[in-house]
file run.cif (mmCIF, C-alpha atoms (C1' of nucleotides))
data_work
#
loop_
_atom_site.label_atom_id
_atom_site.label_comp_id
_atom_site.auth_asym_id
_atom_site.auth_seq_id
_atom_site.Cartn_x
_atom_site.Cartn_y
_atom_site.Cartn_z
CA MET A 273 -65.89 -12.83 -3.21
CA GLY A 274 -64.01 -13.56 -0.02
CA TYR A 275 -63.25 -16.53 2.16
CA THR A 276 -65.59 -19.48 1.92
CA SER A 277 -63.68 -22.39 3.45
CA GLY A 278 -65.13 -24.47 6.22
CA SER A 279 -68.46 -22.67 5.93
CA MET A 280 -67.73 -19.32 7.44
CA ASP A 281 -70.50 -17.27 5.95
CA LYS A 282 -73.34 -18.98 7.80
CA LEU A 283 -76.13 -17.08 9.33
CA ARG A 284 -74.99 -15.65 12.58
CA GLU A 285 -77.10 -15.13 15.57
CA PRO A 286 -77.95 -11.49 15.96
CA LEU A 287 -76.53 -10.04 19.14
CA ALA A 288 -79.98 -9.74 20.74
CA MET A 289 -82.24 -6.69 20.77
CA THR A 290 -80.93 -5.61 17.39
CA SER A 291 -84.15 -3.67 17.12
CA GLN A 292 -83.80 -0.71 19.46
CA CYS A 293 -80.10 -0.21 20.13
CA GLY A 294 -77.30 0.91 17.88
CA LEU A 295 -74.67 -1.11 19.70
CA PRO A 296 -75.55 -4.58 18.37
CA VAL A 297 -75.65 -3.36 14.81
CA ALA A 298 -72.32 -1.61 15.21
CA LEU A 299 -70.86 -4.81 16.63
CA GLU A 300 -72.31 -6.76 13.73
CA ALA A 301 -70.05 -4.68 11.50
CA MET A 302 -67.05 -4.12 13.77
CA GLY A 303 -67.25 -6.76 16.49
CA GLU A 304 -64.93 -9.34 15.00
CA ARG A 305 -61.47 -10.09 16.16
CA TRP A 306 -59.40 -8.04 13.70
CA SER A 307 -61.86 -5.44 12.49
CA PHE A 308 -60.62 -2.57 14.63
CA MET A 309 -56.98 -3.35 13.96
CA ILE A 310 -57.68 -3.28 10.22
CA LEU A 311 -59.50 0.01 10.68
CA ARG A 312 -56.57 1.42 12.59
CA ALA A 313 -54.20 0.44 9.80
CA ALA A 314 -56.56 2.02 7.26
CA PHE A 315 -56.56 5.26 9.29
CA ASN A 316 -52.80 5.13 9.19
CA GLY A 317 -52.82 5.03 5.41
CA VAL A 318 -52.50 1.31 4.73
CA ARG A 319 -54.41 0.47 1.55
CA HIS A 320 -53.18 -2.75 0.01
CA PHE A 321 -53.74 -6.36 0.90
CA GLU A 322 -50.08 -7.27 1.35
CA ASP A 323 -49.48 -4.15 3.43
CA PHE A 324 -52.31 -4.98 5.82
CA LEU A 325 -50.91 -8.47 6.00
CA GLU A 326 -47.51 -7.22 7.02
CA ALA A 327 -48.73 -4.46 9.32
CA LEU A 328 -51.05 -6.76 11.27
CA GLY A 329 -49.51 -10.22 11.15
CA ILE A 330 -52.97 -11.62 10.37
CA ALA A 331 -53.58 -14.81 8.35
CA ARG A 332 -54.27 -14.22 4.64
CA ASN A 333 -57.64 -15.93 4.59
CA ILE A 334 -58.85 -14.07 7.64
CA LEU A 335 -57.70 -10.75 6.22
CA SER A 336 -59.46 -11.54 2.97
CA ASN A 337 -62.64 -12.36 4.86
CA ARG A 338 -62.47 -9.33 7.15
CA LEU A 339 -61.80 -6.93 4.27
CA SER A 340 -64.76 -8.36 2.37
CA ARG A 341 -66.99 -7.94 5.39
CA LEU A 342 -65.84 -4.37 5.95
CA VAL A 343 -66.52 -3.61 2.28
CA GLU A 344 -69.97 -5.21 2.57
CA ALA A 345 -70.64 -3.13 5.67
CA GLY A 346 -69.70 -0.02 3.68
CA ILE A 347 -66.80 0.83 5.96
CA LEU A 348 -64.13 0.31 3.30
CA LYS A 349 -64.42 0.54 -0.46
CA ARG A 350 -62.49 -1.70 -2.83
CA GLU A 351 -61.02 -0.09 -5.94
CA HIS A 352 -58.69 -1.27 -8.66
CA CYS A 353 -55.63 0.89 -9.18
CA GLU A 354 -55.43 2.48 -12.60
CA ASP A 355 -51.68 2.27 -12.97
CA ASP A 356 -51.44 -1.37 -11.90
CA ARG A 357 -54.55 -3.41 -12.53
CA ARG A 358 -53.43 -6.17 -10.14
CA ARG A 359 -53.47 -3.88 -7.17
CA ILE A 360 -56.58 -3.20 -5.22
CA GLU A 361 -56.97 -0.24 -2.92
CA TYR A 362 -59.03 -0.48 0.23
CA ARG A 363 -60.03 2.99 1.34
CA LEU A 364 -62.15 4.28 4.16
CA THR A 365 -65.61 5.49 3.24
CA GLU A 366 -67.35 8.29 5.12
CA ARG A 367 -69.02 5.61 7.22
CA GLY A 368 -65.61 4.15 7.99
CA TYR A 369 -64.12 7.51 8.75
CA ASP A 370 -66.92 8.12 11.21
CA LEU A 371 -65.72 5.18 13.32
CA LEU A 372 -62.73 7.24 14.38
CA PRO A 373 -64.25 8.42 17.68
CA ALA A 374 -65.06 4.83 18.65
CA MET A 375 -61.57 3.65 17.75
CA LEU A 376 -59.94 6.53 19.61
CA ALA A 377 -62.08 6.00 22.67
CA LEU A 378 -60.99 2.37 22.82
CA ARG A 379 -57.40 3.28 22.19
CA GLN A 380 -57.39 5.98 24.84
CA TRP A 381 -58.91 3.55 27.31
CA GLY A 382 -56.12 1.09 26.54
CA GLU A 383 -53.48 3.78 26.95
CA LYS A 384 -54.93 4.99 30.19
CA TRP A 385 -55.65 1.68 31.93
CA GLU A 386 -53.38 -0.87 30.34
CA LEU A 387 -50.35 0.85 28.88
CA GLY A 388 -50.00 3.94 30.99
CA VAL A 389 -48.36 5.78 28.12
CA PRO A 390 -49.61 7.52 24.98
CA SER A 391 -49.58 5.45 21.79
CA ASP A 392 -47.38 6.12 18.80
CA PRO A 393 -48.19 7.62 16.33
CA VAL A 394 -50.24 10.30 18.04
CA LEU A 395 -53.34 11.79 16.49
CA CYS A 396 -52.98 15.57 16.33
CA ASP A 397 -55.01 18.62 15.52
CA ALA A 398 -54.01 19.60 11.97
CA HIS A 399 -54.27 23.30 12.87
CA ASP A 400 -51.77 23.49 15.70
CA GLY A 401 -50.07 20.10 15.51
CA LYS A 402 -50.84 19.36 19.13
CA PRO A 403 -52.09 15.97 20.33
CA ILE A 404 -55.84 15.67 20.68
CA GLY A 405 -57.47 15.57 24.08
CA PRO A 406 -59.64 12.78 25.42
CA ILE A 407 -62.79 11.64 23.65
CA ALA A 408 -65.64 13.20 25.60
CA ILE A 409 -69.35 12.92 26.16
CA LEU A 410 -70.97 16.25 25.35
CA ALA A 411 -74.30 17.63 26.48
CA HIS A 412 -76.76 18.90 23.87
CA ASP A 413 -75.26 22.38 24.34
CA GLY A 414 -71.63 21.30 24.00
CA ARG A 415 -70.61 21.13 27.66
CA VAL A 416 -68.40 18.16 28.52
CA ILE A 417 -70.37 15.86 30.83
CA ASP A 418 -68.73 13.84 33.54
CA CYS A 419 -69.37 10.08 33.33
CA HIS A 420 -71.23 10.17 36.63
CA ASP A 421 -73.64 12.95 35.72
CA LEU A 422 -75.55 10.73 33.36
CA THR A 423 -78.85 8.95 33.57
CA TRP A 424 -80.81 6.59 31.34
CA ARG A 425 -84.28 7.63 30.26
CA THR A 426 -86.78 5.99 27.97
CA ARG A 427 -87.39 7.67 24.63
CA ALA A 428 -91.00 8.04 25.65
CA ASP A 429 -90.04 10.16 28.69
CA VAL A 430 -87.59 12.25 26.71
CA ASP A 431 -90.12 12.87 23.97
CA ALA A 432 -92.78 13.80 26.50
CA ASP A 433 -90.42 16.41 27.99
CA ALA A 434 -89.59 17.76 24.58
CA ALA A 435 -93.30 18.18 23.86
CA ARG A 436 -93.83 19.95 27.20
CA GLN A 437 -90.97 22.31 26.46
CA ALA A 438 -92.33 23.08 23.00
CA ALA A 439 -95.55 24.19 24.69
CA ARG A 440 -93.78 26.34 27.36
CA PRO A 441 -90.59 27.41 25.54
CA SER A 442 -89.08 29.38 28.45
CA ALA A 443 -89.21 26.52 30.98
CA VAL A 444 -85.62 25.30 31.36
CA ALA A 445 -82.97 26.77 29.03
CA MET B 356 -63.16 -20.48 38.03
CA GLY B 357 -64.99 -20.02 34.73
CA TYR B 358 -65.52 -22.02 31.62
CA THR B 359 -62.94 -24.65 30.87
CA SER B 360 -64.66 -27.06 28.47
CA GLY B 361 -63.14 -27.84 25.10
CA SER B 362 -60.00 -25.92 26.08
CA MET B 363 -60.99 -22.32 25.81
CA ASP B 364 -58.33 -20.73 27.91
CA LYS B 365 -55.40 -21.41 25.61
CA LEU B 366 -52.78 -18.87 24.96
CA ARG B 367 -54.09 -16.40 22.49
CA GLU B 368 -52.04 -14.61 19.97
CA PRO B 369 -51.58 -10.97 20.86
CA LEU B 370 -53.18 -8.65 18.33
CA ALA B 371 -49.81 -7.46 17.00
CA MET B 372 -47.92 -4.34 18.02
CA THR B 373 -49.24 -4.64 21.54
CA SER B 374 -46.23 -2.60 22.51
CA GLN B 375 -46.93 0.92 21.35
CA CYS B 376 -50.67 1.24 20.84
CA GLY B 377 -53.53 1.22 23.29
CA LEU B 378 -55.97 -0.30 20.83
CA PRO B 379 -54.72 -3.89 20.88
CA VAL B 380 -54.67 -3.99 24.67
CA ALA B 381 -58.18 -2.56 24.82
CA LEU B 382 -59.32 -5.21 22.37
CA GLU B 383 -57.63 -7.88 24.45
CA ALA B 384 -60.05 -6.95 27.21
CA MET B 385 -63.14 -5.96 25.22
CA GLY B 386 -62.71 -7.46 21.76
CA GLU B 387 -64.70 -10.62 22.24
CA ARG B 388 -68.11 -11.32 20.80
CA TRP B 389 -70.31 -10.48 23.78
CA SER B 390 -68.13 -8.18 25.86
CA PHE B 391 -69.70 -4.89 24.81
CA MET B 392 -73.22 -6.24 25.12
CA ILE B 393 -72.47 -7.38 28.66
CA LEU B 394 -71.01 -3.97 29.40
CA ARG B 395 -74.11 -2.29 28.04
CA ALA B 396 -76.31 -4.42 30.26
CA ALA B 397 -74.09 -3.57 33.23
CA PHE B 398 -74.47 0.15 32.44
CA ASN B 399 -78.20 -0.40 32.41
CA GLY B 400 -78.10 -1.80 35.92
CA VAL B 401 -78.02 -5.54 35.28
CA ARG B 402 -75.98 -7.22 38.01
CA HIS B 403 -76.84 -10.88 38.33
CA PHE B 404 -75.93 -13.89 36.26
CA GLU B 405 -79.46 -14.95 35.45
CA ASP B 406 -80.42 -11.39 34.54
CA PHE B 407 -77.55 -11.05 32.08
CA LEU B 408 -78.58 -14.41 30.70
CA GLU B 409 -82.09 -13.24 30.08
CA ALA B 410 -81.21 -9.76 28.90
CA LEU B 411 -78.71 -10.96 26.33
CA GLY B 412 -79.85 -14.39 25.23
CA ILE B 413 -76.28 -15.62 25.56
CA ALA B 414 -75.32 -19.22 26.41
CA ARG B 415 -74.64 -19.88 30.11
CA ASN B 416 -71.10 -21.14 29.66
CA ILE B 417 -70.16 -18.25 27.41
CA LEU B 418 -71.61 -15.75 29.85
CA SER B 419 -69.71 -17.41 32.68
CA ASN B 420 -66.50 -17.21 30.69
CA ARG B 421 -67.03 -13.59 29.57
CA LEU B 422 -67.88 -12.41 33.07
CA SER B 423 -64.76 -14.10 34.43
CA ARG B 424 -62.65 -12.42 31.77
CA LEU B 425 -64.16 -9.02 32.46
CA VAL B 426 -63.50 -9.51 36.16
CA GLU B 427 -59.90 -10.54 35.42
CA ALA B 428 -59.52 -7.46 33.23
CA GLY B 429 -60.72 -5.34 36.15
CA ILE B 430 -63.75 -4.07 34.25
CA LEU B 431 -66.29 -5.75 36.52
CA LYS B 432 -65.99 -6.79 40.13
CA ARG B 433 -67.63 -9.90 41.53
CA GLU B 434 -69.22 -9.62 44.97
CA HIS B 435 -71.39 -11.90 47.08
CA CYS B 436 -74.66 -10.35 48.22
CA GLU B 437 -75.02 -10.06 51.96
CA ASP B 438 -78.72 -10.74 52.14
CA ASP B 439 -78.60 -13.80 49.91
CA ARG B 440 -75.30 -15.65 49.91
CA ARG B 441 -76.14 -17.52 46.70
CA ARG B 442 -76.35 -14.38 44.68
CA ILE B 443 -73.35 -12.73 43.15
CA GLU B 444 -73.29 -9.16 42.01
CA TYR B 445 -71.25 -8.08 39.04
CA ARG B 446 -70.64 -4.35 39.20
CA LEU B 447 -68.71 -1.95 37.03
CA THR B 448 -65.38 -0.77 38.37
CA GLU B 449 -63.99 2.66 37.60
CA ARG B 450 -62.07 1.07 34.77
CA GLY B 451 -65.32 -0.39 33.45
CA TYR B 452 -67.16 2.87 33.85
CA ASP B 453 -64.50 4.56 31.83
CA LEU B 454 -65.41 2.42 28.82
CA LEU B 455 -68.62 4.40 28.48
CA PRO B 456 -67.30 6.80 25.82
CA ALA B 457 -66.13 3.87 23.70
CA MET B 458 -69.47 2.10 24.06
CA LEU B 459 -71.43 5.25 23.28
CA ALA B 460 -69.30 6.05 20.26
CA LEU B 461 -70.00 2.60 18.85
CA ARG B 462 -73.67 2.85 19.69
CA GLN B 463 -73.99 6.28 18.14
CA TRP B 464 -72.28 5.02 15.00
CA GLY B 465 -74.79 2.18 14.82
CA GLU B 466 -77.69 4.55 15.31
CA LYS B 467 -76.44 6.96 12.70
CA TRP B 468 -75.42 4.55 9.96
CA GLU B 469 -77.37 1.38 10.54
CA LEU B 470 -80.54 2.17 12.44
CA GLY B 471 -81.23 5.74 11.48
CA VAL B 472 -83.00 6.30 14.79
CA PRO B 473 -81.87 6.98 18.36
CA SER B 474 -81.63 3.94 20.62
CA ASP B 475 -83.84 3.30 23.61
CA PRO B 476 -83.16 3.93 26.47
CA VAL B 477 -81.44 7.23 25.81
CA LEU B 478 -78.48 8.41 27.85
CA CYS B 479 -79.23 11.85 29.27
CA ASP B 480 -77.53 14.64 31.12
CA ALA B 481 -78.57 14.22 34.77
CA HIS B 482 -78.72 18.01 35.20
CA ASP B 483 -81.26 18.90 32.55
CA GLY B 484 -82.59 15.50 31.53
CA LYS B 485 -81.80 16.13 27.89
CA PRO B 486 -80.23 13.50 25.63
CA ILE B 487 -76.48 13.75 25.29
CA GLY B 488 -74.91 15.00 22.11
CA PRO B 489 -72.49 13.08 19.92
CA ILE B 490 -69.21 11.73 21.27
CA ALA B 491 -66.57 14.15 20.04
CA ILE B 492 -62.87 14.45 19.48
CA LEU B 493 -61.58 17.46 21.41
CA ALA B 494 -58.43 19.49 20.87
CA HIS B 495 -56.05 20.05 23.80
CA ASP B 496 -57.93 23.28 24.53
CA GLY B 497 -61.40 21.76 24.41
CA ARG B 498 -62.50 22.78 20.91
CA VAL B 499 -64.39 20.05 19.03
CA ILE B 500 -62.24 18.90 16.12
CA ASP B 501 -63.73 17.80 12.84
CA CYS B 502 -62.68 14.28 11.76
CA HIS B 503 -60.92 15.71 8.72
CA ASP B 504 -58.80 18.24 10.58
CA LEU B 505 -56.61 15.55 12.07
CA THR B 506 -53.17 14.30 11.30
CA TRP B 507 -50.93 11.53 12.62
CA ARG B 508 -47.56 12.50 14.03
CA THR B 509 -44.84 10.45 15.64
CA ARG B 510 -44.32 10.93 19.35
CA ALA B 511 -40.79 12.00 18.54
CA ASP B 512 -42.05 14.93 16.41
CA VAL B 513 -44.65 15.94 18.95
CA ASP B 514 -42.13 15.86 21.78
CA ALA B 515 -39.64 17.87 19.73
CA ASP B 516 -42.31 20.55 19.19
CA ALA B 517 -43.18 20.60 22.85
CA ALA B 518 -39.50 21.12 23.69
CA ARG B 519 -39.25 23.96 21.15
CA GLN B 520 -42.31 25.64 22.61
CA ALA B 521 -40.94 25.33 26.11
CA ALA B 522 -37.90 27.27 24.91
CA ARG B 523 -39.94 29.97 23.08
CA PRO B 524 -43.17 30.05 25.06
CA SER B 525 -44.93 32.70 22.91
CA ALA B 526 -44.50 30.87 19.59
CA VAL B 527 -47.95 29.55 18.73
CA ALA B 528 -50.87 30.30 20.97
"C1'" DG C 1162 -85.92 -32.33 54.72
"C1'" DT C 1163 -87.61 -31.72 50.16
"C1'" DT C 1164 -87.96 -28.28 46.55
"C1'" DT C 1165 -86.48 -24.03 44.28
"C1'" DT C 1166 -83.25 -20.70 42.90
"C1'" DA C 1167 -78.68 -18.82 41.62
"C1'" DA C 1168 -74.58 -19.59 39.64
"C1'" DG C 1169 -71.94 -22.20 37.64
"C1'" DT C 1170 -69.63 -26.94 34.83
"C1'" DT C 1171 -69.37 -30.64 31.52
"C1'" DG C 1172 -70.01 -33.01 27.10
"C1'" DC C 1173 -70.73 -32.78 22.74
"C1'" DA C 1174 -71.67 -30.91 17.71
"C1'" DA C 1175 -71.24 -27.12 14.86
"C1'" DC C 1176 -68.58 -23.26 13.71
"C1'" DT C 1177 -64.45 -20.12 13.18
"C1'" DA C 1178 -59.50 -18.95 13.16
"C1'" DG C 1179 -55.03 -19.68 11.50
"C1'" DA C 1180 -50.76 -21.61 8.99
"C1'" DA C 1181 -49.20 -23.11 4.74
"C1'" DA C 1182 -49.65 -24.45 0.23
"C1'" DC C 1183 -52.10 -23.52 -4.13
"C1'" DT C 1184 -54.44 -20.40 -7.88
"C1'" DT C 1185 -55.15 -16.60 -10.98
"C1'" DA C 1186 -54.26 -12.61 -13.39
"C1'" DA C 1187 -51.51 -8.74 -14.35
"C1'" DA C 1188 -46.80 -6.72 -14.70
"C1'" DT C 1189 -41.90 -7.03 -15.59
"C1'" DA C 1190 -37.51 -9.24 -17.21
"C1'" DG C 1191 -34.92 -11.57 -20.51
"C1'" DC D 847 -43.27 -13.43 -26.50
"C1'" DT D 848 -42.23 -16.87 -22.97
"C1'" DA D 849 -40.68 -17.10 -18.14
"C1'" DT D 850 -40.70 -15.05 -13.68
"C1'" DT D 851 -42.41 -12.19 -10.12
"C1'" DT D 852 -45.98 -9.79 -7.66
"C1'" DA D 853 -50.72 -8.86 -5.78
"C1'" DA D 854 -54.64 -10.68 -4.15
"C1'" DG D 855 -57.09 -14.20 -3.18
"C1'" DT D 856 -58.68 -19.63 -2.27
"C1'" DT D 857 -58.26 -24.24 -0.41
"C1'" DT D 858 -57.02 -27.61 2.87
"C1'" DC D 859 -56.51 -29.13 7.17
"C1'" DT D 860 -55.89 -28.64 12.24
"C1'" DA D 861 -56.84 -26.54 16.43
"C1'" DG D 862 -59.53 -23.61 19.15
"C1'" DT D 863 -64.32 -21.35 20.20
"C1'" DT D 864 -69.37 -21.05 20.56
"C1'" DG D 865 -73.61 -22.70 22.01
"C1'" DC D 866 -77.26 -25.95 23.50
"C1'" DA D 867 -78.71 -29.07 26.85
"C1'" DA D 868 -78.05 -31.63 30.70
"C1'" DC D 869 -75.65 -31.91 35.14
"C1'" DT D 870 -73.64 -29.97 39.78
"C1'" DT D 871 -73.40 -27.36 44.01
"C1'" DA D 872 -74.72 -24.60 47.58
"C1'" DA D 873 -77.77 -21.53 49.78
"C1'" DA D 874 -82.74 -20.17 50.61
"C1'" DA D 875 -87.83 -21.22 51.02
"C1'" DC D 876 -91.51 -24.12 52.04
#
call {"tool": "encode", "arguments": {"input": "run.cif", "output": "structure tokens"}}
result
Amino acid sequence: MGYTSGSMDKLREPLAMTSQCGLPVALEAMGERWSFMILRAAFNGVRHFEDFLEALGIARNILSNRLSRLVEAGILKREHCEDDRRRIEYRLTERGYDLLPAMLALRQWGEKWELGVPSDPVLCDAHDGKPIGPIAILAHDGRVIDCHDLTWRTRADVDADAARQAARPSAVA
Amino acid sequence: MGYTSGSMDKLREPLAMTSQCGLPVALEAMGERWSFMILRAAFNGVRHFEDFLEALGIARNILSNRLSRLVEAGILKREHCEDDRRRIEYRLTERGYDLLPAMLALRQWGEKWELGVPSDPVLCDAHDGKPIGPIAILAHDGRVIDCHDLTWRTRADVDADAARQAARPSAVA
DNA sequence: GTTTTAAGTTGCAACTAGAAACTTAAATAG
DNA sequence: CTATTTAAGTTTCTAGTTGCAACTTAAAAC
């Protein structure tokens, strides 16, 4: 059931405005100190408690707690091995797998601004074996958008536009 | 000089393998509890201490500490206003601006898996005013790659391939 | 020149992280 | 079939972190 010492599972203050933004809820699941490192190990094929322990150099109780939280959040699933009933496998769920862009974006930022060199191992396109390019922001039609060609709009405004366009379909396109 | 009560600025254990991966170094800068929320507020135009305070509902001392850390990390810059010498403006640097893909990827994950609805405000393409699409992983040639068509390779292998292709330029594509 | 505002600091109390030793249950060795 | 090892946790205890509330400092407004 996870780590219960001290009183770690207390209510925790929501990160404010949990209502209308996806960021606080994502951070609720992934915002803790080791969560992304555990995820990275999982993406690299690490599945067992002792292997995470060794790969990360994290304390046992913290790993236990983090794994439980990630399982609760539906990011990992916990399964007993059939061949060895002691062993438990932690595997990424679809939800967990879908965190890859976020993890890569962070990692690429770190490479670019802090390390100056590409990380090892390198994530590659399975088709041609070449390293992937940068994580990008795409427009609705698939164009890559530059970071500076962006603007915030309220949902109300966006929805109003969409309604206008539905009425006059040939307006922008 | 920031928050010093209790003894908060102690040495902190590096997140393991800081050497060859950009993720731990990115987390060193952005891995703390409020960092991404502060960044989000900054992207939304919040610039002053008291405004962050109100927007986030964070404690004053924690905000002070987080802002100092983000400034140290080069993600925000601290500037005195000219018209009112009391006021200090915290503004995103290029480095900070470049965290947008990571923040959006997290936010989109939260929207997709936890909220089920798009956040408000919505980030839009400045050219056509339409909401941006999902953050994507791109191949070296710009194709969007599906999460399952990826594979990890060592830098050594990738570099060896690159050398081979340099020798026989017409080999793959 | 007193009050207000902006941006912090300081002093606690409550919480969280981490190292190391302990537990439990399943596998393997003798 | 008992004794040992291995896998995955718990517990204990210390040290470090978070957060509230009250205090400080310096510049602006009244």
call {"tool": "residues_around", "arguments": {"input": "run.cif", "residues": "DG1162 (chain C)", "least_positions_apart": "2", "cutoff": "12 Å", "atoms": "only C-alpha atoms (C1' of nucleotides)", "output": "JSON, numbers by chain"}}
result
{"C": [1164], "D": [875, 876]}
call {"tool": "interface_residues", "arguments": {"input": "run.cif", "of": "chain D", "to": "chain B", "cutoff": "9 Å", "atoms": "only C-alpha atoms (C1' of nucleotides)", "output": "mmCIF file with C-alpha atoms (C1' of nucleotides), in the coordinates of the input"}}
result
data_model
loop_
_atom_site.group_PDB
_atom_site.id
_atom_site.type_symbol
_atom_site.label_atom_id
_atom_site.label_comp_id
_atom_site.auth_asym_id
_atom_site.auth_seq_id
_atom_site.Cartn_x
_atom_site.Cartn_y
_atom_site.Cartn_z
ATOM 1 C "C1'" DG D 862 -59.530 -23.610 19.150
ATOM 2 C "C1'" DT D 863 -64.320 -21.350 20.200
ATOM 3 C "C1'" DT D 864 -69.370 -21.050 20.560
ATOM 4 C "C1'" DG D 865 -73.610 -22.700 22.010
ATOM 5 C "C1'" DC D 866 -77.260 -25.950 23.500
ATOM 6 C "C1'" DA D 872 -74.720 -24.600 47.580
ATOM 7 C "C1'" DA D 873 -77.770 -21.530 49.780
ATOM 8 C "C1'" DA D 874 -82.740 -20.170 50.610
#
call {"tool": "atom_distance", "arguments": {"input": "run.cif", "atom1": "CA of Ile360 (chain A)", "atom2": "CA of Asp501 (chain B)"}}
result
28.6 Å
call {"tool": "residues_around", "arguments": {"input": "run.cif", "residues": "region 848-856 of chain D", "least_positions_apart": "2", "cutoff": "10 Å", "atoms": "all atoms listed in the file", "output": "MDAnalysis selection string"}}
result
(chainID A and resid 273:277 320:322 332:333 336:337 356:360) or (chainID C and resid 1183:1191) or (chainID D and resid 858)
call {"tool": "write_last_selection", "arguments": {"input": "run.cif", "atoms": "C-alpha atoms (C1' of nucleotides)", "output": "PDB file, in the frame of the given file"}}
result
ATOM      1  CA  MET A 273     -65.890 -12.830  -3.210  1.00  0.00           C
ATOM      2  CA  GLY A 274     -64.010 -13.560  -0.020  1.00  0.00           C
ATOM      3  CA  TYR A 275     -63.250 -16.530   2.160  1.00  0.00           C
ATOM      4  CA  THR A 276     -65.590 -19.480   1.920  1.00  0.00           C
ATOM      5  CA  SER A 277     -63.680 -22.390   3.450  1.00  0.00           C
ATOM      6  CA  HIS A 320     -53.180  -2.750   0.010  1.00  0.00           C
ATOM      7  CA  PHE A 321     -53.740  -6.360   0.900  1.00  0.00           C
ATOM      8  CA  GLU A 322     -50.080  -7.270   1.350  1.00  0.00           C
ATOM      9  CA  ARG A 332     -54.270 -14.220   4.640  1.00  0.00           C
ATOM     10  CA  ASN A 333     -57.640 -15.930   4.590  1.00  0.00           C
ATOM     11  CA  SER A 336     -59.460 -11.540   2.970  1.00  0.00           C
ATOM     12  CA  ASN A 337     -62.640 -12.360   4.860  1.00  0.00           C
ATOM     13  CA  ASP A 356     -51.440  -1.370 -11.900  1.00  0.00           C
ATOM     14  CA  ARG A 357     -54.550  -3.410 -12.530  1.00  0.00           C
ATOM     15  CA  ARG A 358     -53.430  -6.170 -10.140  1.00  0.00           C
ATOM     16  CA  ARG A 359     -53.470  -3.880  -7.170  1.00  0.00           C
ATOM     17  CA  ILE A 360     -56.580  -3.200  -5.220  1.00  0.00           C
TER      18      ILE A 360
ATOM     19  C1'  DC C1183     -52.100 -23.520  -4.130  1.00  0.00           C
ATOM     20  C1'  DT C1184     -54.440 -20.400  -7.880  1.00  0.00           C
ATOM     21  C1'  DT C1185     -55.150 -16.600 -10.980  1.00  0.00           C
ATOM     22  C1'  DA C1186     -54.260 -12.610 -13.390  1.00  0.00           C
ATOM     23  C1'  DA C1187     -51.510  -8.740 -14.350  1.00  0.00           C
ATOM     24  C1'  DA C1188     -46.800  -6.720 -14.700  1.00  0.00           C
ATOM     25  C1'  DT C1189     -41.900  -7.030 -15.590  1.00  0.00           C
ATOM     26  C1'  DA C1190     -37.510  -9.240 -17.210  1.00  0.00           C
ATOM     27  C1'  DG C1191     -34.920 -11.570 -20.510  1.00  0.00           C
TER      28       DG C1191
ATOM     29  C1'  DT D 858     -57.020 -27.610   2.870  1.00  0.00           C
TER      30       DT D 858
END
call {"tool": "residues_around", "arguments": {"input": "run.cif", "residues": "region 489-494 of chain B", "least_positions_apart": "3", "cutoff": "9 Å", "atoms": "only C-alpha atoms (C1' of nucleotides)", "output": "JSON, numbers by chain"}}
result
{"A": [372, 373, 374, 376, 396, 397, 402, 403, 404, 405, 406, 407, 408, 409, 410, 411, 412], "B": [456, 457, 459, 460, 463, 497, 498, 499, 500, 501, 502]}
call {"tool": "write_last_selection", "arguments": {"input": "run.cif", "atoms": "C-alpha atoms", "output": "PDB file, keeping the file's coordinate frame"}}
result
ATOM      1  CA  LEU A 372     -62.730   7.240  14.380  1.00  0.00           C
ATOM      2  CA  PRO A 373     -64.250   8.420  17.680  1.00  0.00           C
ATOM      3  CA  ALA A 374     -65.060   4.830  18.650  1.00  0.00           C
ATOM      4  CA  LEU A 376     -59.940   6.530  19.610  1.00  0.00           C
ATOM      5  CA  CYS A 396     -52.980  15.570  16.330  1.00  0.00           C
ATOM      6  CA  ASP A 397     -55.010  18.620  15.520  1.00  0.00           C
ATOM      7  CA  LYS A 402     -50.840  19.360  19.130  1.00  0.00           C
ATOM      8  CA  PRO A 403     -52.090  15.970  20.330  1.00  0.00           C
ATOM      9  CA  ILE A 404     -55.840  15.670  20.680  1.00  0.00           C
ATOM     10  CA  GLY A 405     -57.470  15.570  24.080  1.00  0.00           C
ATOM     11  CA  PRO A 406     -59.640  12.780  25.420  1.00  0.00           C
ATOM     12  CA  ILE A 407     -62.790  11.640  23.650  1.00  0.00           C
ATOM     13  CA  ALA A 408     -65.640  13.200  25.600  1.00  0.00           C
ATOM     14  CA  ILE A 409     -69.350  12.920  26.160  1.00  0.00           C
ATOM     15  CA  LEU A 410     -70.970  16.250  25.350  1.00  0.00           C
ATOM     16  CA  ALA A 411     -74.300  17.630  26.480  1.00  0.00           C
ATOM     17  CA  HIS A 412     -76.760  18.900  23.870  1.00  0.00           C
TER      18      HIS A 412
ATOM     19  CA  PRO B 456     -67.300   6.800  25.820  1.00  0.00           C
ATOM     20  CA  ALA B 457     -66.130   3.870  23.700  1.00  0.00           C
ATOM     21  CA  LEU B 459     -71.430   5.250  23.280  1.00  0.00           C
ATOM     22  CA  ALA B 460     -69.300   6.050  20.260  1.00  0.00           C
ATOM     23  CA  GLN B 463     -73.990   6.280  18.140  1.00  0.00           C
ATOM     24  CA  GLY B 497     -61.400  21.760  24.410  1.00  0.00           C
ATOM     25  CA  ARG B 498     -62.500  22.780  20.910  1.00  0.00           C
ATOM     26  CA  VAL B 499     -64.390  20.050  19.030  1.00  0.00           C
ATOM     27  CA  ILE B 500     -62.240  18.900  16.120  1.00  0.00           C
ATOM     28  CA  ASP B 501     -63.730  17.800  12.840  1.00  0.00           C
ATOM     29  CA  CYS B 502     -62.680  14.280  11.760  1.00  0.00           C
TER      30      CYS B 502
END
